[in-house]
Structure formats: C-alpha cells, structure tokens
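Colleague: So that you have it, the file is my_file-v3.tsv, and it contains TSV, C-alpha atoms:
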```tsv
chain	number	residue	atom	x	y	z
R	15	MET	CA	0.00	0.00	0.00
R	16	ALA	CA	2.78	2.40	1.01
R	17	ARG	CA	4.61	1.57	-2.20
R	18	GLN	CA	1.49	2.29	-4.27
R	19	MET	CA	0.96	5.64	-2.48
R	20	LEU	CA	4.62	6.59	-3.08
R	21	SER	CA	4.29	5.67	-6.75
R	22	ALA	CA	1.14	7.78	-7.11
R	23	THR	CA	2.77	10.74	-5.35
R	24	THR	CA	5.81	10.50	-7.61
R	25	THR	CA	3.61	10.33	-10.68
R	26	ARG	CA	1.65	13.42	-9.65
R	27	ARG	CA	4.87	15.29	-8.86
R	28	ASP	CA	6.41	14.37	-12.21
R	29	ALA	CA	3.22	15.43	-13.95
R	30	LEU	CA	3.23	18.79	-12.15
R	31	LEU	CA	6.91	19.36	-12.93
R	32	GLY	CA	6.37	18.39	-16.54
R	33	GLY	CA	3.37	20.69	-16.80
R	34	ALA	CA	5.34	23.57	-15.27
R	35	MET	CA	8.17	23.03	-17.75
R	36	LEU	CA	5.75	22.97	-20.66
R	37	LEU	CA	4.09	26.16	-19.40
R	38	THR	CA	7.47	27.88	-19.01
R	39	GLY	CA	8.45	26.82	-22.51
R	40	ALA	CA	5.15	28.04	-23.92
R	41	VAL	CA	5.52	31.45	-22.25
R	42	ALA	CA	9.11	31.76	-23.49
R	43	TRP	CA	8.03	30.79	-27.01
R	44	ALA	CA	5.13	33.23	-26.90
R	45	ARG	CA	7.53	36.03	-25.99
R	46	LEU	CA	9.92	35.33	-28.84
R	47	PRO	CA	10.08	38.41	-31.10
R	48	SER	CA	7.74	37.81	-34.00
R	49	HIS	CA	6.87	41.27	-35.32
R	50	PRO	CA	9.75	42.89	-37.24
R	51	ILE	CA	10.31	46.65	-37.23
R	52	VAL	CA	12.36	47.19	-40.36
R	53	ALA	CA	13.14	50.39	-42.25
R	54	VAL	CA	14.14	48.63	-45.48
R	55	ALA	CA	12.90	45.05	-45.72
R	56	GLN	CA	14.95	44.23	-48.81
R	57	GLY	CA	17.17	45.83	-51.38
R	58	ASP	CA	20.28	47.98	-51.15
R	59	VAL	CA	20.04	50.59	-48.37
R	60	SER	CA	22.46	52.87	-50.24
R	61	ASP	CA	19.67	53.55	-52.75
R	62	ALA	CA	17.64	55.13	-49.91
R	63	ILE	CA	20.33	57.68	-49.02
R	64	PRO	CA	20.38	60.67	-51.41
R	65	MET	CA	23.58	61.77	-53.10
R	66	ARG	CA	22.62	65.41	-52.55
R	67	ALA	CA	21.30	67.02	-49.38
R	68	GLY	CA	20.39	70.69	-49.52
R	69	HIS	CA	23.55	72.62	-50.41
R	70	TRP	CA	25.75	69.53	-50.03
R	71	GLY	CA	26.74	67.27	-52.90
R	72	PRO	CA	29.24	64.45	-53.52
R	73	ALA	CA	32.85	65.26	-52.70
R	74	PRO	CA	35.18	65.17	-55.74
R	75	SER	CA	37.18	62.25	-54.37
R	76	GLY	CA	34.25	60.45	-52.80
R	77	ASP	CA	36.61	58.93	-50.27
R	78	VAL	CA	35.79	58.37	-46.61
R	79	VAL	CA	38.66	57.98	-44.18
R	80	MET	CA	37.39	55.41	-41.69
R	81	PRO	CA	39.24	54.17	-38.60
R	82	PRO	CA	40.43	50.62	-39.36
R	83	GLN	CA	39.03	49.06	-36.17
R	84	ASP	CA	35.67	50.73	-36.69
R	85	GLU	CA	35.53	49.41	-40.23
R	86	ARG	CA	36.34	45.83	-39.16
R	87	ASN	CA	33.82	45.84	-36.31
R	88	ALA	CA	31.00	47.19	-38.46
R	89	ALA	CA	31.78	44.74	-41.26
R	90	GLU	CA	31.48	41.83	-38.84
R	91	VAL	CA	28.15	42.92	-37.35
R	92	TYR	CA	26.14	44.79	-39.94
R	93	GLU	CA	24.57	43.50	-43.12
R	94	GLU	CA	25.12	46.69	-45.09
R	95	GLN	CA	27.25	49.83	-44.95
R	96	VAL	CA	27.10	53.12	-46.81
R	97	MET	CA	30.17	55.39	-46.82
R	98	ARG	CA	30.20	58.73	-48.62
R	99	SER	CA	31.74	62.20	-48.51
R	100	TYR	CA	29.73	65.37	-49.07
R	101	VAL	CA	30.90	68.96	-49.59
R	102	ARG	CA	29.08	72.29	-49.71
R	103	SER	CA	31.76	74.03	-51.77
R	104	GLU	CA	35.19	73.14	-53.08
R	105	ASP	CA	37.00	74.89	-50.23
R	106	SER	CA	34.72	73.70	-47.40
R	107	PRO	CA	35.66	70.75	-45.18
R	108	ALA	CA	34.17	67.47	-46.37
R	109	ILE	CA	31.51	65.77	-44.28
R	110	MET	CA	31.98	62.04	-44.04
R	111	PHE	CA	28.79	59.98	-43.79
R	112	VAL	CA	28.80	56.41	-42.53
R	113	LEU	CA	25.70	54.22	-42.17
R	114	ALA	CA	25.87	50.71	-40.74
R	115	TYR	CA	22.59	48.81	-40.95
R	116	ALA	CA	21.27	45.44	-39.77
R	117	ARG	CA	17.73	44.24	-40.37
R	118	SER	CA	17.62	42.29	-37.12
R	119	GLN	CA	19.08	42.72	-33.65
R	120	SER	CA	19.66	40.32	-30.77
R	121	GLY	CA	21.34	40.41	-27.39
R	122	MET	CA	24.62	39.58	-29.11
R	123	LEU	CA	24.17	41.97	-32.02
R	124	MET	CA	24.84	45.40	-30.60
R	125	VAL	CA	25.96	48.53	-32.41
R	126	HIS	CA	29.64	49.49	-32.23
R	127	ARG	CA	29.81	53.01	-30.90
R	128	PRO	CA	32.52	55.48	-31.94
R	129	GLU	CA	33.53	56.13	-28.32
R	130	SER	CA	34.83	52.56	-28.19
R	131	CYS	CA	35.95	52.17	-31.81
R	132	TYR	CA	37.89	55.42	-32.20
R	133	PRO	CA	40.28	54.74	-29.28
R	134	GLY	CA	40.81	51.28	-30.74
R	135	ALA	CA	42.02	52.98	-33.93
R	136	GLY	CA	44.50	55.20	-32.06
R	137	PHE	CA	42.32	58.25	-31.49
R	138	THR	CA	42.05	60.13	-28.20
R	139	ILE	CA	38.58	61.37	-27.31
R	140	THR	CA	38.99	64.90	-25.98
R	141	ALA	CA	35.27	65.68	-25.55
R	142	ASP	CA	32.12	63.57	-25.37
R	143	GLU	CA	28.64	64.96	-24.78
R	144	PRO	CA	25.03	63.83	-25.31
R	145	VAL	CA	23.12	65.86	-27.90
R	146	THR	CA	19.64	66.03	-29.39
R	147	ILE	CA	19.66	66.05	-33.18
R	148	PRO	CA	16.68	67.87	-34.74
R	149	LEU	CA	16.20	66.03	-38.02
R	150	ALA	CA	12.65	67.37	-38.43
R	151	PRO	CA	9.73	68.45	-36.24
R	152	GLY	CA	8.94	65.49	-34.01
R	153	VAL	CA	12.02	63.54	-35.16
R	154	THR	CA	14.83	64.30	-32.71
R	155	PRO	CA	17.18	61.38	-32.09
R	156	HIS	CA	19.31	61.42	-28.95
R	157	GLY	CA	22.92	61.05	-30.01
R	158	ARG	CA	26.44	62.03	-29.03
R	159	PHE	CA	29.05	64.52	-30.20
R	160	LEU	CA	32.72	63.60	-29.88
R	161	SER	CA	35.94	65.48	-30.46
R	162	THR	CA	38.75	63.08	-31.35
R	163	GLN	CA	42.42	63.44	-32.20
R	164	ARG	CA	45.12	61.20	-33.62
R	165	ASP	CA	48.44	62.93	-34.22
R	166	GLU	CA	47.59	66.08	-36.23
R	167	ARG	CA	44.16	64.84	-37.30
R	168	ILE	CA	41.30	66.41	-35.30
R	169	GLU	CA	37.97	64.84	-36.21
R	170	GLN	CA	34.61	66.01	-34.91
R	171	VAL	CA	31.99	63.26	-34.80
R	172	LEU	CA	28.19	63.45	-34.52
R	173	TYR	CA	26.30	60.17	-34.40
R	174	TRP	CA	23.15	58.45	-33.26
R	175	THR	CA	21.98	54.86	-33.06
R	176	ARG	CA	18.52	53.52	-33.75
R	177	LEU	CA	16.80	50.32	-32.62
R	178	GLY	CA	13.42	50.20	-34.33
R	179	ASN	CA	11.87	53.54	-33.38
R	180	GLU	CA	14.06	54.11	-30.31
R	181	PHE	CA	17.31	56.08	-30.04
R	182	PRO	CA	19.52	54.72	-27.26
R	183	ASN	CA	22.50	56.95	-26.48
R	184	SER	CA	24.37	54.53	-24.22
R	185	TRP	CA	25.15	50.82	-23.95
R	186	ASP	CA	22.76	50.49	-20.99
R	187	GLN	CA	19.89	52.16	-22.83
R	188	GLU	CA	20.61	50.02	-25.86
R	189	ARG	CA	20.29	46.78	-23.91
R	190	ARG	CA	17.20	48.00	-22.04
R	191	PHE	CA	15.40	49.18	-25.19
R	192	LEU	CA	16.18	45.92	-26.98
R	193	ALA	CA	14.98	43.81	-24.05
R	194	LEU	CA	11.74	45.80	-23.70
R	195	GLN	CA	10.98	45.57	-27.41
R	196	ASN	CA	11.69	41.83	-27.43
R	197	LEU	CA	9.33	41.32	-24.47
R	198	ARG	CA	6.63	43.07	-26.48
R	199	GLY	CA	7.25	40.62	-29.32
R	200	LEU	CA	9.03	43.19	-31.48
R	201	ALA	CA	12.15	42.41	-33.52
R	202	PRO	CA	13.72	45.81	-34.31
R	203	ASP	CA	16.29	46.56	-36.95
R	204	GLY	CA	19.39	48.53	-36.01
R	205	ALA	CA	21.38	51.39	-37.51
R	206	LEU	CA	24.34	53.53	-36.59
R	207	ILE	CA	24.48	56.87	-38.42
R	208	ARG	CA	27.70	58.85	-38.18
R	209	VAL	CA	28.69	62.16	-39.72
R	210	SER	CA	32.12	63.63	-39.11
R	211	THR	CA	34.52	66.27	-40.38
R	212	ILE	CA	38.17	67.22	-40.00
R	213	ASP	CA	38.06	70.55	-38.19
R	214	PRO	CA	39.75	71.91	-35.03
R	215	ASP	CA	36.68	74.10	-34.33
R	216	ALA	CA	34.39	71.78	-32.35
R	217	GLU	CA	31.44	74.17	-31.97
R	218	GLY	CA	31.46	75.25	-35.59
R	219	ALA	CA	31.69	71.62	-36.71
R	220	LYS	CA	28.81	70.60	-34.44
R	221	VAL	CA	26.53	73.22	-36.03
R	222	ARG	CA	27.56	72.21	-39.54
R	223	LEU	CA	27.14	68.47	-38.91
R	224	THR	CA	23.72	69.00	-37.31
R	225	ARG	CA	22.54	71.07	-40.26
R	226	PHE	CA	23.81	68.47	-42.68
R	227	ALA	CA	21.98	65.66	-40.83
R	228	ALA	CA	18.71	67.63	-41.05
R	229	ALA	CA	19.29	68.38	-44.75
R	230	LEU	CA	19.98	64.71	-45.46
R	231	TYR	CA	16.76	63.69	-43.72
R	232	ALA	CA	14.77	66.34	-45.60
R	233	ALA	CA	16.19	65.19	-48.95
R	234	SER	CA	15.41	61.53	-48.27
R	235	GLY	CA	12.36	59.63	-49.41
R	236	GLY	CA	10.31	57.35	-47.16
R	237	ALA	CA	12.94	54.60	-46.95
R	238	GLY	CA	15.71	57.06	-46.16
R	239	ARG	CA	13.65	58.75	-43.45
R	240	ALA	CA	12.86	55.32	-42.00
R	241	ILE	CA	16.57	54.46	-41.84
R	242	LEU	CA	17.62	57.77	-40.31
R	243	GLY	CA	14.63	58.52	-38.08
R	244	GLY	CA	12.85	55.20	-37.59
R	245	PRO	CA	10.05	53.46	-39.53
R	246	ALA	CA	7.45	55.48	-37.60
R	247	SER	CA	8.70	58.66	-39.31
R	248	ALA	CA	8.72	57.20	-42.83
R	249	SER	CA	5.41	58.76	-43.82
R	250	ALA	CA	6.30	62.23	-42.51
R	251	GLU	CA	6.19	65.08	-44.98
R	252	ARG	CA	9.48	66.36	-46.26
R	253	VAL	CA	10.74	69.44	-44.48
```
Let me see whether you can do it: turn the structure in this file into structure tokens.
Modeller:
Amino acid sequence: MARQMLSATTTRRDALLGGAMLLTGAVAWARLPSHPIVAVAQGDVSDAIPMRAGHWGPAPSGDVVMPPQDERNAAEVYEEQVMRSYVRSEDSPAIMFVLAYARSQSGMLMVHRPESCYPGAGFTITADEPVTIPLAPGVTPHGRFLSTQRDERIEQVLYWTRLGNEFPNSWDQERRFLALQNLRGLAPDGALIRVSTIDPDAEGAKVRLTRFAAALYAASGGAGRAILGGPASASAERV
C-alpha cells in the first residue's frame, strides 16, 4: 500500500513538474520576437540615401577615411554599410557619412559606438557629450558629439543609433530598449548613423554636422527617413 501511495505521489509530482516546464516553454516561445520593425525590408540601403542634401553634394574624391578598427567591427556585425563624402563648396571641409545597418538585432548583435571604436584605432577622445539632433519636427534622435584626435588629425563626430523607433545613447539604454521591445514581441532593426569632419573648431563643426543631418533627412524619401529617423517617421512630410 505504502509503495502504491509513493508511486502515485511520484507520478503526480512528475506530472506537475512536466506541466510547469511545458508552461514555461510556452511562455518563453510566446515572448519570442515575431513582429519585425524594419526600415528597409529588402534591397540595397544605399539607394535610400540621397547623393545630394540641400547645399551639399558628392565630394570630388568620394573617399571616406574610416578608422580601421571601426571598419572591421561594423563589417562583422552589420549587413550593409554606406560610406560617402559630401561637400558644400570646393574649399569647405568634407563631411563624411557612414551608415551601418542590420535588419535584425539580438542580445549579441549590438551597435559598435565610436567612443569605443575610435580609441581602438588610435584616437584620443577629448570631448564627449550627449546631444539632441533635430532632423525634423517630431524627429529628434538622442545622439552624441565627440571630439577626437590622432596625431595632427582632429575629427569632430556626430552620431546616433537607432533600434526600431528608439534612439539609445548609451550601452545600458541600448540593452534596455532591446529587451523591452523583445518582451513586447518586437524584432527591431538597427542602424548607426555617423557624420564627421576634419576641423579643429568643435562648436562650428557641431553646427555644420547638425545642419547636414537635417538636410539629409529632408532630402530623403520614405525609406531614407525610416533608416535615419525610424520606420514610424517614414510617412512624414518632407521638411
């Protein structure tokens, strides 16, 4: 009798444990991201970025000087990259534009931020501040502005990152935003947008880079606006 009772108790316990495991698995499966937030579902993202933005057009050389470590890191993580140089006039400093884009993100697929990549390429960061970048009314990514130097080269850098329709400006925010979106069943894309120029005048460069970013957004079509400002802004009217 005692043996039969023990057997019944064990069976009930195993059934309860098995049921709990199945329930846990079902909840975990239900929370897997299933709804993508993607700016450009397919095709070449470079087609979405205009060659001209306001008074800026392609630089004669078209070359972008990119820190080697930054280039390697982005190539390993992102599906697509766009690298261009723009100038307003022949004697004005070129603005270097770099876009790194991935259609999906995960806990192991995080954007490589310039404040970690530039030192890896031999640059010293002499200033680092959070900024708000007014691309258009209602579209104001939170980004960062860096002053960097390597030997005689002084490069001013303005950049922002995007996860779906969010703009994290730190590693902690990035992880938190990604986790919250995943819990909601959302699978966001990711982009790092960087504009920079060789100029010892940090304040003047910041104004110029901010104006260029707004001009680029205004000149973009729906796909370009979605890449730069998030899919939610894709239908916004051009400024």
Colleague: Within 9 Å of stretch 199-218 of chain R, which residues of stretch 50-72 of chain R come that close, and what is the closest atom pair and distance in Å for each? Count only C-alpha atoms and give it as a Markdown table.
Modeller:
```
| residue | atom | partner | partner_atom | distance |
| --- | --- | --- | --- | --- |
| R:Pro50 | CA | R:Ala201 | CA | 4.5 |
| R:Ile51 | CA | R:Pro202 | CA | 4.6 |
| R:Val52 | CA | R:Asp203 | CA | 5.2 |
| R:Ala53 | CA | R:Asp203 | CA | 7.3 |
```
Colleague: With distances taken over all atoms listed in the file, which residue among R:Val171, R:Asp61, R:Ala229, R:Thr154 lies nearest R:Val112?
Modeller: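 Residue with the minimum atom-to-atom distance to R:Val112: R:Val171.
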Colleague: Quote the spacing between atom CA of R:Phe111 and atom CA of R:Phe191 in Å to one decimal place.
Modeller: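 Distance between the two atoms: 25.3 Å.
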Colleague: Select, from R:Tyr132, R:Tyr115, R:Phe226, R:Phe181, the residue with the minimum atom-to-atom distance to R:Thr146, counting all atoms listed in the file.
Modeller: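 So, comparing all the options, the nearest one is R:Phe181.
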Colleague: Please measure the separation of atom CA of R:Thr162 and atom CA of R:Pro128, giving the value in Å to one decimal.
Modeller: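 Separation of atom CA of R:Thr162 and atom CA of R:Pro128: 9.8 Å.
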Colleague: When you draw a straight line from atom CA of R:Pro74 to atom CA of R:Ala116, how long is it in Å?
Modeller: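 Computing it gives 28.9 Å between the two atoms.
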Colleague: Nearest residue to R:Glu129 out of R:Leu230, R:Ala237, R:Leu223, R:Ala141, using only C-alpha atoms?
Modeller: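 So, comparing all the options, the nearest one is R:Ala141.
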